[in-house]
Each structure stands twice: as structure tokens, then as C-alpha cells.
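Q: The structure that follows is given in the form of C-alpha cells.
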Amino acid sequence: MSGPPQWPGANLKAVVDVLASTDPPGLSNGEIEQLLMLAGIGDPAPGKSKRIRLLAALQQQQQSEGSANPIERFMAEAMSVARYLNDEARFDALLTALRRPLALLGLDLDDGGRLIKAESVAYSLDDVAKLTDRLRSELRRRGVHPQVLYYCEEELVRKSLFHAVFEATKGVSDRLRRMTGLRTDGGPLVREAFGGNAPLVRLNGLSHHTDLSEQSGFSNFLTGVFGMFRNPPAHSTRVDPTWALTETDALDLFTVLSLVHRRLDAARVVPTG
């Protein structure tokens with residue numbers, strides 16, 4: 001039969017060990033029964049442990065169909081975002097845990113839980129670590145400012161681009177509030193911090209036209225960053241197709257935010273009052 005090649009037993013077992021783990025975020029017996037039915041897969045060992053039951057069902061069905069199609073159907077049902085609307089942490093935990101065994105098959109999951117082809121196949125444990133930590137490795141290679149990583153480290157570990165971008169951008173607002181004591185956010189915060197005749201945060205001495213132009217340009221630039229990368233995700237869901245973000249876009253944004261933090265490192269804060 002046509003379809004993706006069958007998964008080797010060891011690779012399938014590694015994925016099942018995640019899905020049917022006895023600890024969170026593993027699936028319950030009831031969930032496994034429901035998902036097998038929805039995916040059109042028989043249940044040859046209903047009285048066995050979760051792992052034995054799920055492994056037997058997927059192995060038997062892929063042998064029957066001659067391809068990995070039934071496994072992919074099960075994965076699509078198990079990782080449907082709609083199942084985790086009220087338990088986002090569980091979805092993220094499953095996403096992170098599944099990426100390691102899937103890397104050995106040349107597969108990956110996107111932020112919506114959909115099975116996709118990876119850029120390359122992992123052949124060793126080192127390969128697995130490199131592929132599943134690709135984003136953070138690239139950020140380190142680019143020399144991204146530590147403050148960028150500080151605000152989105154947890155999201156990067158969970159491989160959630162949507163939330164990593166949101167948190168990293170919010171981090172700039174948080175740092176500005178800490179520097180100035182202001183309580184506003186986004187564009188208003190930028191205007192209060194950098195605007196006016198006596199700005200609280202000064203990038204330079206403001207002694208001539210070039211200095212004033214740099215100060216004004218930075219303020220406009222940062223306002224634009226907030227408008228483009230902070231506000232849309234604040235009013236969208238991760239699966240909203242109207243606000244999609246690629247890994248390349250995210251990396252470029254983190255580089256931009258790194259520049260912002262370096263300028264703030266060198267800025268002078270004028271005390272109020």
C-alpha cells in the first residue's frame with residue numbers, strides 16, 4: 001500500500017513511551033481508547049498497561065495497512081490543539097517530549113501539533129539534542145543579548161515560538177518599567193521614557209541635532225516593534241492563521257530585541273523629581 005514507510009519498532013516504542021507515560025502529560029486509558037477509535041485503529045490488548053496496549057494497537061495496524069498512516073492518524077488526533085484549550089501546559093509538555101523521539105525518524109511537530117518533516121534526520125543522541133535545541137543554539141550563535149533569553153527561556157524550552165516572541169517583546173517593556181519606575185506599557189511607555197524635552201531615558205547627550213534624531217528614531221523604532229510583535233499575539237491565539245510567524249522571523253526579531261537591549265545597556269536614566 002502507498003503511504004509513509006512503517007516506523008521501526010524501537011522508534012515507535014519511544015513515541016508510545018511519551019504518549020502513554022504513567023506520569024503527566026501522558027494519555028489516560030480512556031483517552032487512548034477514544035483516540036484509537038477516532039483514528040480507525042483496532043484495540044488488540046484492552047486489558048494491558050497503557051504502553052503495551054497502545055504499542056500493540058499501532059504496530060498491528062501499521063502492519064495491516066503496510067505504512068505509517070495509522071500512526072499519523074493517531075498522532076493527529078492525540079495532538080489536536082482543540083483537545084488542550086483548557087490545558088495548554090499539557091499540550092506544550094507533550095510537544096516538547098515528542099520532538100526527541102520524532103527527530104530520529106526525521107520528523108517534527110509544528111507549534112500547532114501537526115506532524116511535519118524535519119530539516120534532517122537525527123542518527124545519535126547528540127543529533128537529537130542539536131535538532132531539538134536548534135532555536136536556542138542559533139540564538140547563541142548570533143550572540144543574542146542575555147536579557148532576550150531571560151524573558152523567554154521557558155518558552156524556548158517548550159519550543160513555542162508564538163509565546164517566546166510575545167514574552168521576549170514584553171520583556172523590553174518590563175525592563176523599561178524597572179529602569180524608570182513608569183507603569184504604562186507598549187507605545188505609551190516608549191513615549192514617556194524617550195519623548196519630550198527632558199526624556200527619562202537618554203541614549204546620548206542630546207546636545208546636537210544628530211543626538212536628537214537618534215533619540216527620536218529609536219523611540220519610533222521601538223514603538224513599531226511593539227505594534228508589530230507585541231500587540232498582534234496579545235489579541236490572537238497560537239493557531240490563528242491571520243498571525244503566523246516563521247522560525248526565521250522569530251530569529252530576526254530576537255536579533256532586533258538584542259539590539260534594543262544593548263542600547264538600553266548604554267542609556268542614561270535621569271531620575272524624576
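Here's how to read the names in the C-alpha cells: chain A, B, ... by the order shown, residue numbers from 1 in each chain, ligand numbers from 1 in the order shown.
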Give me the residues within 12 Å of stretch 15-19 of chain A as a ChimeraX atom specification, counting only C-alpha atoms and dropping any in the same chain fewer than 2 places off.
A: /A:7-13,21-29,31-32,35,49-59,71-72,74-75,77-79,90-91,93-105,107-108
Q: Let's see if you can do this: from backbone DSSP, list all strand (DSSP E) residues in stretch 17-257 of chain A, as a list of chain:residue names.
A: A:Leu107, A:Asp108, A:Leu109, A:Leu115, A:Ile116, A:Lys117, A:Val201, A:Arg202
Q: Just want the 8 Å neighbourhood of stretch 195-200 of chain A, counted on only C-alpha atoms, with same-chain residues fewer than 5 positions away dropped. Output as number ranges by chain.
A: A: 180, 190, 216, 219, 269-272
Q: Atom CA of A:Leu85 and atom CA of A:Ser173 are how many Å apart?
A: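 Separation of atom CA of A:Leu85 and atom CA of A:Ser173: 27.9 Å.
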Q: Using only C-alpha atoms for the distances, tell me which of A:Val201, A:Val144, A:Leu156, A:Leu222 is nearest to A:Arg262.
A: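 Ranking A:Val201, A:Val144, A:Leu156, A:Leu222 by distance to A:Arg262, first place goes to A:Val144.
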Q: So which one's closest to A:Val225, A:Ala193, A:Thr169, A:Asp265, A:Arg178? Using only C-alpha atoms, please.
A: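 Of A:Ala193, A:Thr169, A:Asp265, A:Arg178, the one nearest A:Val225 is A:Thr169, counting only C-alpha atoms.
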Q: May I ask for the distance between atom CA of A:Asp92 and atom CA of A:Phe162, given in Å to one decimal place?
A: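 Going from atom CA of A:Asp92 over to atom CA of A:Phe162 covers 11.8 Å.
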Q: To one decimal place in Å, what is the distance between atom CA of A:Met37 and atom CA of A:Ala118?
A: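 We find that atom CA of A:Met37 and atom CA of A:Ala118 lie 28.3 Å from each other.
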Q: Return the single residue from A:Val148, A:Leu109, A:Leu161, A:Ala68 that is closest to A:Leu259, with distances computed using only C-alpha atoms.
A: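 Looking only at the distances to A:Leu259, the closest residue turns out to be A:Val148.
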Q: My list of candidates is A:Arg202, A:Arg114, A:Arg141, A:His163. Which is closest to A:Glu88 when distances are computed with only C-alpha atoms?
A: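 Closest to A:Glu88, using only C-alpha atoms: A:His163.
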Q: Please return, as a VMD selection string, all residues of stretch 116-203 of chain A that DSSP assigns to alpha helix (DSSP H) on the basis of the backbone.
A: chain A and resid 125 to 132 134 to 141 146 to 157 161 to 180 186 to 194
